[in-house]
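Q: So I've got this file, structure-v8.txt, and it contains compact mmCIF, C-alpha atoms:
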# COMPACT_ATOMS: atom_id res chain seq x y z
CA MET A 283 0.93 50.86 -3.65
CA LYS A 284 -2.11 49.06 -5.00
CA ASN A 285 0.08 46.91 -7.28
CA LEU A 286 2.31 46.07 -4.32
CA LEU A 287 -0.69 44.95 -2.28
CA VAL A 288 -1.95 42.77 -5.13
CA PHE A 289 1.51 41.20 -5.44
CA PHE A 290 1.64 40.54 -1.68
CA LEU A 291 -1.77 38.85 -1.75
CA PHE A 292 -0.71 36.73 -4.72
CA VAL A 293 2.44 35.58 -2.92
CA LEU A 294 0.43 34.83 0.23
CA HIS A 295 -2.07 32.79 -1.77
CA ALA A 296 0.68 30.90 -3.57
CA THR A 297 2.39 30.11 -0.27
CA ALA A 298 -0.85 28.84 1.27
CA SER A 299 -1.50 26.68 -1.78
CA ALA A 300 1.97 25.18 -1.54
CA GLN A 301 1.38 24.40 2.11
CA THR A 302 -1.97 22.72 1.57
CA GLY A 303 -1.44 20.98 -1.79
CA ARG A 304 -0.63 17.70 -0.04
CA ASP A 305 -3.39 17.87 2.56
CA PRO A 306 -4.62 16.03 4.43
CA LEU A 307 -1.39 14.95 6.10
CA PHE A 308 -0.62 13.41 9.45
CA THR A 309 2.71 13.08 11.20
CA SER A 310 3.67 9.45 11.72
CA PHE A 311 5.69 7.86 14.52
CA ASP A 312 9.07 9.16 13.31
CA GLY A 313 8.03 12.56 11.99
CA THR A 314 7.36 11.42 8.42
CA LYS A 315 4.31 13.15 6.95
CA ILE A 316 1.82 10.79 5.34
CA HIS A 317 -0.93 11.79 2.92
CA TYR A 318 -4.30 10.10 3.32
CA GLU A 319 -7.93 10.36 2.27
CA VAL A 320 -11.14 9.26 3.99
CA ALA A 321 -14.53 8.82 2.31
CA GLY A 322 -17.87 7.53 3.53
CA LYS A 323 -19.05 6.40 6.93
CA GLY A 324 -19.40 3.02 8.54
CA LYS A 325 -16.97 0.16 9.19
CA PRO A 326 -13.46 1.36 8.17
CA VAL A 327 -11.55 -0.40 5.40
CA VAL A 328 -7.97 0.58 4.58
CA LEU A 329 -6.82 0.17 0.98
CA VAL A 330 -3.06 -0.46 0.66
CA HIS A 331 -1.54 0.18 -2.75
CA GLY A 332 1.27 -1.68 -4.47
CA PHE A 333 4.80 -0.88 -5.63
CA MET A 334 5.14 2.34 -7.67
CA GLY A 335 1.54 3.16 -6.78
CA ASN A 336 -0.23 5.54 -4.43
CA SER A 337 -3.69 6.12 -2.99
CA THR A 338 -5.05 7.24 -6.36
CA SER A 339 -4.34 3.74 -7.70
CA TRP A 340 -7.61 2.73 -6.04
CA GLN A 341 -9.60 5.58 -7.62
CA LYS A 342 -9.83 3.66 -10.90
CA ALA A 343 -10.74 0.39 -9.19
CA VAL A 344 -14.34 -0.79 -8.91
CA LEU A 345 -13.70 -1.80 -5.29
CA ARG A 346 -13.56 1.69 -3.81
CA GLN A 347 -17.01 2.74 -5.00
CA THR A 348 -18.38 -0.72 -4.25
CA LEU A 349 -17.33 -0.36 -0.63
CA LEU A 350 -18.77 3.16 -0.36
CA ASP A 351 -22.07 2.02 -1.87
CA ALA A 352 -22.17 -0.83 0.66
CA GLY A 353 -21.84 1.57 3.59
CA TYR A 354 -18.15 1.23 4.44
CA GLN A 355 -15.75 4.00 5.30
CA VAL A 356 -12.78 3.88 2.91
CA VAL A 357 -9.34 5.00 4.06
CA GLN A 358 -6.54 5.39 1.51
CA LEU A 359 -2.97 6.52 2.06
CA ASP A 360 0.22 7.09 0.15
CA LEU A 361 2.78 4.82 1.74
CA ARG A 362 5.98 6.67 2.64
CA GLY A 363 8.14 7.19 -0.40
CA ASN A 364 5.11 7.45 -2.69
CA GLY A 365 2.57 9.94 -3.93
CA LEU A 366 2.09 13.02 -1.74
CA SER A 367 3.71 11.51 1.36
CA ASP A 368 7.25 12.33 2.44
CA LYS A 369 10.00 10.45 0.61
CA PRO A 370 12.85 9.99 3.07
CA HIS A 371 16.25 9.33 1.51
CA THR A 372 17.68 7.15 4.24
CA LEU A 373 17.48 3.38 4.42
CA ALA A 374 16.62 3.55 8.12
CA ALA A 375 13.38 5.41 7.36
CA TYR A 376 11.95 2.29 5.71
CA GLN A 377 13.24 -0.36 8.10
CA ASN A 378 11.50 -2.07 11.02
CA ASP A 379 8.01 -2.25 9.51
CA ALA A 380 7.85 1.50 9.00
CA GLU A 381 5.07 1.29 6.40
CA ALA A 382 2.84 -0.98 8.48
CA ARG A 383 3.46 1.26 11.50
CA ASP A 384 2.37 4.25 9.41
CA ILE A 385 -0.97 2.55 8.80
CA MET A 386 -1.35 1.77 12.48
CA ALA A 387 -0.46 5.37 13.36
CA LEU A 388 -2.97 6.68 10.82
CA MET A 389 -5.79 4.60 12.27
CA LYS A 390 -4.90 5.87 15.73
CA HIS A 391 -4.83 9.43 14.37
CA LEU A 392 -8.31 8.92 12.90
CA LYS A 393 -9.50 7.24 16.10
CA LEU A 394 -10.62 4.19 14.13
CA LYS A 395 -10.48 0.74 15.68
CA ASN A 396 -11.58 -2.70 14.55
CA TYR A 397 -10.79 -2.08 10.89
CA ASP A 398 -10.34 -4.25 7.80
CA ALA A 399 -7.48 -3.93 5.32
CA VAL A 400 -7.24 -4.72 1.62
CA GLY A 401 -3.77 -4.95 0.10
CA TYR A 402 -2.75 -5.67 -3.44
CA SER A 403 0.65 -6.79 -4.75
CA ARG A 404 3.28 -5.14 -2.51
CA GLY A 405 0.37 -3.74 -0.52
CA SER A 406 -0.39 -7.33 0.47
CA ILE A 407 3.13 -7.71 1.82
CA ILE A 408 2.59 -4.68 4.05
CA THR A 409 -0.90 -5.86 5.03
CA ALA A 410 0.58 -9.21 6.06
CA ARG A 411 2.65 -7.34 8.61
CA LEU A 412 -0.54 -5.88 10.07
CA LEU A 413 -1.72 -9.45 10.63
CA VAL A 414 1.22 -9.83 12.98
CA LEU A 415 1.46 -6.36 14.50
CA ASP A 416 -2.01 -4.87 14.95
CA LYS A 417 -4.65 -6.31 17.25
CA ASN A 418 -7.13 -3.75 15.88
CA LEU A 419 -7.14 -5.48 12.50
CA HIS A 420 -10.40 -7.39 12.16
CA SER A 421 -9.91 -9.07 8.77
CA ALA A 422 -7.60 -8.76 5.79
CA VAL A 423 -7.47 -9.27 2.03
CA LEU A 424 -4.17 -10.21 0.40
CA GLY A 425 -4.51 -9.74 -3.35
CA GLY A 426 -2.09 -10.55 -6.15
CA MET A 427 0.31 -12.39 -3.87
CA GLY A 428 1.67 -15.90 -3.47
CA ALA A 429 3.93 -17.28 -0.77
CA ASP A 430 7.24 -16.14 -2.29
CA PHE A 431 7.46 -13.01 -0.12
CA THR A 432 7.76 -15.14 3.02
CA ASP A 433 11.39 -15.75 2.00
CA PRO A 434 13.62 -12.85 3.17
CA ASP A 435 15.95 -13.64 0.24
CA TRP A 436 13.16 -13.74 -2.34
CA PRO A 437 15.02 -13.40 -5.67
CA ARG A 438 12.40 -11.09 -7.20
CA ARG A 439 12.69 -8.66 -4.28
CA ARG A 440 16.46 -8.70 -4.45
CA ALA A 441 16.34 -8.08 -8.19
CA PHE A 442 14.08 -5.05 -7.78
CA ALA A 443 16.25 -3.74 -4.94
CA GLU A 444 19.24 -3.83 -7.28
CA LEU A 445 17.21 -2.49 -10.21
CA PHE A 446 16.37 0.69 -8.29
CA SER A 447 19.77 1.00 -6.60
CA GLY A 448 22.09 1.55 -9.54
CA LYS A 449 22.46 -2.03 -10.74
CA ALA A 450 19.81 -2.12 -13.44
CA HIS A 451 22.29 -3.66 -15.87
CA LEU A 452 22.05 -6.89 -13.86
CA HIS A 453 18.33 -7.25 -14.55
CA PRO A 454 17.45 -6.36 -18.14
CA GLU A 455 14.24 -8.39 -17.79
CA PHE A 456 12.87 -5.76 -15.38
CA GLN A 457 14.20 -2.66 -17.16
CA GLY A 458 10.67 -1.74 -18.20
CA ALA A 459 9.69 -1.17 -14.56
CA LEU A 460 12.56 1.25 -14.03
CA ASN A 461 11.81 3.07 -17.27
CA SER A 462 8.18 3.42 -16.22
CA ALA A 463 9.15 4.84 -12.83
CA LYS A 464 11.43 7.40 -14.43
CA SER A 465 8.90 8.41 -17.07
CA ARG A 466 6.31 9.00 -14.34
CA GLY A 467 8.69 11.12 -12.29
CA LEU A 468 8.72 8.71 -9.35
CA ASP A 469 11.42 8.86 -6.68
CA THR A 470 13.58 5.91 -7.71
CA LEU A 471 15.88 6.27 -4.71
CA ALA A 472 12.93 5.92 -2.32
CA LEU A 473 11.63 2.98 -4.37
CA GLY A 474 15.00 1.29 -4.02
CA PHE A 475 14.91 1.70 -0.25
CA GLN A 476 11.42 0.20 -0.18
CA GLN A 477 12.65 -2.92 -1.93
CA GLN A 478 15.82 -3.20 0.15
CA THR A 479 13.84 -3.11 3.40
CA GLN A 480 10.71 -4.90 2.22
CA PRO A 481 9.47 -7.07 5.09
CA SER A 482 8.81 -10.76 4.94
CA THR A 483 6.30 -12.57 7.13
CA SER A 484 7.39 -16.09 7.99
CA PRO A 485 5.23 -19.18 7.52
CA ALA A 486 5.40 -19.63 11.30
CA GLU A 487 3.94 -16.15 11.85
CA LEU A 488 1.23 -16.69 9.25
CA GLY A 489 0.38 -19.99 10.88
CA LYS A 490 -0.61 -18.13 14.05
CA VAL A 491 -3.13 -15.83 12.33
CA ARG A 492 -6.62 -16.21 13.79
CA ILE A 493 -8.62 -13.51 11.99
CA PRO A 494 -10.36 -14.06 8.63
CA VAL A 495 -8.10 -13.62 5.58
CA LEU A 496 -9.04 -13.64 1.90
CA ILE A 497 -6.36 -14.64 -0.59
CA ILE A 498 -7.42 -13.50 -4.04
CA CYS A 499 -5.60 -13.58 -7.35
CA GLY A 500 -6.19 -13.32 -11.07
CA ASP A 501 -6.36 -16.57 -13.01
CA GLN A 502 -3.44 -15.37 -15.16
CA ASP A 503 -1.29 -14.12 -12.29
CA GLU A 504 1.67 -15.93 -10.78
CA ASP A 505 3.98 -12.89 -10.73
CA ASN A 506 4.54 -13.23 -6.99
CA GLY A 507 4.09 -16.98 -6.69
CA ARG A 508 0.95 -19.07 -6.42
CA ALA A 509 -1.88 -17.74 -4.30
CA GLY A 510 -2.83 -21.29 -3.30
CA ASP A 511 0.55 -21.75 -1.63
CA LEU A 512 -0.03 -18.65 0.48
CA ALA A 513 -3.53 -19.77 1.45
CA LYS A 514 -2.12 -23.05 2.77
CA LEU A 515 0.05 -21.15 5.25
CA ILE A 516 -2.84 -19.30 6.92
CA PRO A 517 -5.31 -21.43 8.93
CA THR A 518 -8.16 -18.94 8.49
CA ALA A 519 -7.62 -18.25 4.79
CA THR A 520 -10.22 -18.37 2.04
CA LEU A 521 -8.89 -18.67 -1.51
CA LYS A 522 -10.59 -17.06 -4.50
CA THR A 523 -9.59 -16.72 -8.14
CA VAL A 524 -11.08 -14.17 -10.54
CA PRO A 525 -10.39 -13.37 -14.20
CA GLY A 526 -7.36 -11.16 -14.81
CA ASN A 527 -3.61 -10.77 -14.71
CA HIS A 528 -1.46 -8.99 -12.14
CA ASN A 529 -2.04 -5.56 -13.67
CA THR A 530 -5.81 -5.82 -14.21
CA THR A 531 -7.27 -7.89 -11.37
CA SER A 532 -7.40 -5.29 -8.58
CA ALA A 533 -9.48 -2.89 -10.69
CA SER A 534 -12.00 -5.50 -11.84
CA ASP A 535 -15.66 -6.15 -11.02
CA GLY A 536 -14.85 -9.72 -10.00
CA PHE A 537 -12.25 -8.58 -7.48
CA ALA A 538 -14.68 -6.06 -5.98
CA ARG A 539 -17.48 -8.61 -5.69
CA GLU A 540 -15.33 -11.20 -3.95
CA VAL A 541 -13.81 -8.70 -1.53
CA LEU A 542 -17.21 -7.28 -0.58
CA ALA A 543 -18.67 -10.75 -0.06
CA PHE A 544 -15.73 -11.68 2.14
CA LEU A 545 -15.95 -8.53 4.25
CA LYS A 546 -19.68 -9.05 4.81
CA THR A 547 -19.03 -12.61 5.96
CA ALA A 548 -16.07 -11.60 8.14
CA ASN A 549 -18.13 -8.94 9.86
Could you render the structure as structure tokens?
A:
Amino acid sequence: MKNLLVFFLFVLHATASAQTGRDPLFTSFDGTKIHYEVAGKGKPVVLVHGFMGNSTSWQKAVLRQTLLDAGYQVVQLDLRGNGLSDKPHTLAAYQNDAEARDIMALMKHLKLKNYDAVGYSRGSIITARLLVLDKNLHSAVLGGMGADFTDPDWPRRRAFAELFSGKAHLHPEFQGALNSAKSRGLDTLALGFQQQTQPSTSPAELGKVRIPVLIICGDQDEDNGRAGDLAKLIPTATLKTVPGNHNTTSASDGFAREVLAFLKTAN
């Protein structure tokens, strides 16, 4: 009887652990569960990770601790299809600005208004949608991004959509990205949907932006086009360049310093 009780308690503990291993979660607008983390107090800043990343991508970056030390509240989330968030296997789950709407729903869930957002790489593409959709956004940082994403038929996006949707043989130049995703155990089907539905923000929409925007890029980074071209499309943009390439810039001291200086000025 004693052994049976011990077994029951073990099963109960294991079940509870399985239920809470992804916490904290919130339920977004369509029922998708999104993992997030909040640290610090003060003015909220949302960090938006890039493709094949998740909220922990920012843990290794100097920026997160820099913001906490400066008195900001840092909000991180795993965009749907990534990390500890749900990974829907339908194309519809990623359409119609679903990822940007998740961020907006999270801020509402946390009862946080008048926030800033910092995106990097694909995270900048999602953050650009917030410029259009969310009146609660106070300022934004678009890192590691040029103007190429404003084209709905951007060749790089289309290539990655095919790469992660069973047509990798068409793009041997990007095979390393697919191999990396598989070796890390990422959900390649969800990643394919993210690329197929990836939003574009038109030059006309960017031209109507009235809040402060920092465009920041590494001096060795033109992976997603030229940052200067993007800055020209946004009337309120400030352009900064720091040492680094696409893979190193977001984690650097220079990136953190420029973002903090911008946020202090914007606020």
Q: Ranking A:Lys490, A:Lys390, A:Pro306, A:Arg440 by minimum distance to A:His453 and counting all atoms listed in the file, which one comes first?
A: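 Answer, going by the shortest atom-to-atom distance: A:Arg440.
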Q: Measuring between all atoms listed in the file, which one of A:Ala387, A:His420, A:Val414, A:Gln478 shows the shortest distance to A:Asp435?
A: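 Using all atoms listed in the file, the shortest distance to A:Asp435 belongs to A:Gln478.
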Q: Under the rule of at most 8 Å, produce a per-residue listing of stretch 393-476 of chain A near stretch 347-370 of chain A: chain, number, name, the closest pair of atoms, and the distance in Å, as CSV, using all atoms listed in the file.
A:
residue,atom,partner,partner_atom,distance
A:Leu468,CA,A:Asn364,CA,7.7
A:Asp469,CA,A:Gly363,CA,7.3
A:Ala472,CA,A:Gly363,CA,5.3
A:Leu473,CA,A:Gly363,CA,6.8
A:Gln476,CA,A:Gly363,CA,7.7
Q: Just checking: using all atoms listed in the file, which residue out of A:Leu394, A:Met389, A:Ile498, A:Ala374 ends up closest to A:Lys325?
A: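 Smallest distance to A:Lys325 is found for A:Leu394.
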Q: Rank nothing, just name the residue among A:Leu412, A:Met334, A:Met386, A:Ala422 nearest to A:Ser482, using all atoms listed in the file.
A: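 Between A:Leu412, A:Met334, A:Met386, A:Ala422, the residue approaching A:Ser482 most closely is A:Leu412.
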Q: Any idea what's packed within 7 Å of A:His331, counting all atoms listed in the file, ignoring anything in its chain fewer than 3 positions away? Could you give it as a PyMOL selection string?
A: chain A and resi 335-337+339+401-402+405
Q: Can you list, as a ChimeraX atom specification, every protein, DNA or RNA residue that comes within 12 Å of A:Ala459 when you count all atoms listed in the file, leaving out same-chain residues fewer than 2 positions away?
A: /A:333-334,441-443,445-446,450,453-457,461-466,468,470,473
Q: For those residues, write C-alpha atoms to a file as a short mmCIF file (atom, residue, chain, number, x, y, z; two decimals), in the frame of the given file.
A:
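As written to disk, again-v5.cif reads:
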data_model
loop_
_atom_site.label_atom_id
_atom_site.label_comp_id
_atom_site.auth_asym_id
_atom_site.auth_seq_id
_atom_site.Cartn_x
_atom_site.Cartn_y
_atom_site.Cartn_z
CA PHE A 333 4.80 -0.88 -5.63
CA MET A 334 5.14 2.34 -7.67
CA ALA A 441 16.34 -8.08 -8.19
CA PHE A 442 14.08 -5.05 -7.78
CA ALA A 443 16.25 -3.74 -4.94
CA LEU A 445 17.21 -2.49 -10.21
CA PHE A 446 16.37 0.69 -8.29
CA ALA A 450 19.81 -2.12 -13.44
CA HIS A 453 18.33 -7.25 -14.55
CA PRO A 454 17.45 -6.36 -18.14
CA GLU A 455 14.24 -8.39 -17.79
CA PHE A 456 12.87 -5.76 -15.38
CA GLN A 457 14.20 -2.66 -17.16
CA ASN A 461 11.81 3.07 -17.27
CA SER A 462 8.18 3.42 -16.22
CA ALA A 463 9.15 4.84 -12.83
CA LYS A 464 11.43 7.40 -14.43
CA SER A 465 8.90 8.41 -17.07
CA ARG A 466 6.31 9.00 -14.34
CA LEU A 468 8.72 8.71 -9.35
CA THR A 470 13.58 5.91 -7.71
CA LEU A 473 11.63 2.98 -4.37
#
Q: Would you mind putting N, CA, C and O atoms back on stretch 459-482 of chain A and writing the result as an mmCIF file, keeping the file's coordinate frame?
A:
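To be explicit, this is the file written out as rebuild-v9.cif:
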data_model
loop_
_atom_site.group_PDB
_atom_site.id
_atom_site.type_symbol
_atom_site.label_atom_id
_atom_site.label_comp_id
_atom_site.auth_asym_id
_atom_site.auth_seq_id
_atom_site.Cartn_x
_atom_site.Cartn_y
_atom_site.Cartn_z
ATOM 1 N N ALA A 459 10.213 -1.743 -15.805
ATOM 2 C CA ALA A 459 9.690 -1.170 -14.560
ATOM 3 C C ALA A 459 10.445 0.101 -14.188
ATOM 4 O O ALA A 459 9.841 1.100 -13.775
ATOM 5 N N LEU A 460 11.757 0.067 -14.340
ATOM 6 C CA LEU A 460 12.560 1.250 -14.030
ATOM 7 C C LEU A 460 12.264 2.378 -15.007
ATOM 8 O O LEU A 460 12.124 3.540 -14.598
ATOM 9 N N ASN A 461 12.140 2.049 -16.278
ATOM 10 C CA ASN A 461 11.810 3.070 -17.270
ATOM 11 C C ASN A 461 10.470 3.714 -16.976
ATOM 12 O O ASN A 461 10.300 4.933 -17.118
ATOM 13 N N SER A 462 9.508 2.892 -16.558
ATOM 14 C CA SER A 462 8.180 3.420 -16.220
ATOM 15 C C SER A 462 8.253 4.372 -15.037
ATOM 16 O O SER A 462 7.641 5.444 -15.049
ATOM 17 N N ALA A 463 9.018 3.986 -14.013
ATOM 18 C CA ALA A 463 9.150 4.840 -12.830
ATOM 19 C C ALA A 463 9.761 6.187 -13.201
ATOM 20 O O ALA A 463 9.298 7.243 -12.743
ATOM 21 N N LYS A 464 10.773 6.158 -14.029
ATOM 22 C CA LYS A 464 11.430 7.400 -14.430
ATOM 23 C C LYS A 464 10.515 8.265 -15.279
ATOM 24 O O LYS A 464 10.454 9.488 -15.095
ATOM 25 N N SER A 465 9.788 7.650 -16.197
ATOM 26 C CA SER A 465 8.900 8.410 -17.070
ATOM 27 C C SER A 465 7.758 9.060 -16.293
ATOM 28 O O SER A 465 7.225 10.096 -16.700
ATOM 29 N N ARG A 466 7.380 8.459 -15.173
ATOM 30 C CA ARG A 466 6.310 9.000 -14.340
ATOM 31 C C ARG A 466 6.817 9.967 -13.287
ATOM 32 O O ARG A 466 6.038 10.503 -12.496
ATOM 33 N N GLY A 467 8.115 10.178 -13.246
ATOM 34 C CA GLY A 467 8.690 11.120 -12.290
ATOM 35 C C GLY A 467 8.700 10.599 -10.867
ATOM 36 O O GLY A 467 8.715 11.396 -9.915
ATOM 37 N N LEU A 468 8.725 9.278 -10.695
ATOM 38 C CA LEU A 468 8.720 8.710 -9.350
ATOM 39 C C LEU A 468 10.112 8.816 -8.729
ATOM 40 O O LEU A 468 11.122 8.946 -9.428
ATOM 41 N N ASP A 469 10.158 8.761 -7.425
ATOM 42 C CA ASP A 469 11.420 8.860 -6.680
ATOM 43 C C ASP A 469 12.080 7.486 -6.664
ATOM 44 O O ASP A 469 11.774 6.645 -5.819
ATOM 45 N N THR A 470 12.986 7.244 -7.584
ATOM 46 C CA THR A 470 13.580 5.910 -7.710
ATOM 47 C C THR A 470 14.475 5.562 -6.528
ATOM 48 O O THR A 470 14.615 4.379 -6.197
ATOM 49 N N LEU A 471 15.066 6.552 -5.888
ATOM 50 C CA LEU A 471 15.880 6.270 -4.710
ATOM 51 C C LEU A 471 15.008 5.727 -3.580
ATOM 52 O O LEU A 471 15.339 4.716 -2.940
ATOM 53 N N ALA A 472 13.868 6.380 -3.351
ATOM 54 C CA ALA A 472 12.930 5.920 -2.320
ATOM 55 C C ALA A 472 12.389 4.534 -2.670
ATOM 56 O O ALA A 472 12.233 3.676 -1.792
ATOM 57 N N LEU A 473 12.121 4.291 -3.952
ATOM 58 C CA LEU A 473 11.630 2.980 -4.370
ATOM 59 C C LEU A 473 12.671 1.899 -4.109
ATOM 60 O O LEU A 473 12.336 0.776 -3.713
ATOM 61 N N GLY A 474 13.935 2.231 -4.317
ATOM 62 C CA GLY A 474 15.000 1.290 -4.020
ATOM 63 C C GLY A 474 15.069 0.945 -2.543
ATOM 64 O O GLY A 474 15.239 -0.233 -2.173
ATOM 65 N N PHE A 475 14.914 1.954 -1.699
ATOM 66 C CA PHE A 475 14.910 1.700 -0.250
ATOM 67 C C PHE A 475 13.742 0.808 0.140
ATOM 68 O O PHE A 475 13.869 -0.055 1.014
ATOM 69 N N GLN A 476 12.592 1.017 -0.499
ATOM 70 C CA GLN A 476 11.420 0.200 -0.180
ATOM 71 C C GLN A 476 11.673 -1.279 -0.494
ATOM 72 O O GLN A 476 11.245 -2.164 0.260
ATOM 73 N N GLN A 477 12.351 -1.538 -1.575
ATOM 74 C CA GLN A 477 12.650 -2.920 -1.930
ATOM 75 C C GLN A 477 13.748 -3.512 -1.045
ATOM 76 O O GLN A 477 13.692 -4.682 -0.664
ATOM 77 N N GLN A 478 14.738 -2.708 -0.701
ATOM 78 C CA GLN A 478 15.820 -3.200 0.150
ATOM 79 C C GLN A 478 15.316 -3.607 1.530
ATOM 80 O O GLN A 478 15.814 -4.561 2.132
ATOM 81 N N THR A 479 14.337 -2.872 2.033
ATOM 82 C CA THR A 479 13.840 -3.110 3.400
ATOM 83 C C THR A 479 12.509 -3.835 3.433
ATOM 84 O O THR A 479 11.920 -3.987 4.504
ATOM 85 N N GLN A 480 12.039 -4.274 2.284
ATOM 86 C CA GLN A 480 10.710 -4.900 2.220
ATOM 87 C C GLN A 480 10.598 -6.055 3.208
ATOM 88 O O GLN A 480 11.422 -6.965 3.206
ATOM 89 N N PRO A 481 9.571 -6.027 4.055
ATOM 90 C CA PRO A 481 9.470 -7.070 5.090
ATOM 91 C C PRO A 481 9.005 -8.402 4.542
ATOM 92 O O PRO A 481 8.346 -8.474 3.501
ATOM 93 N N SER A 482 9.367 -9.438 5.222
ATOM 94 C CA SER A 482 8.810 -10.760 4.940
ATOM 95 C C SER A 482 8.075 -11.223 6.199
ATOM 96 O O SER A 482 8.458 -10.851 7.310
#
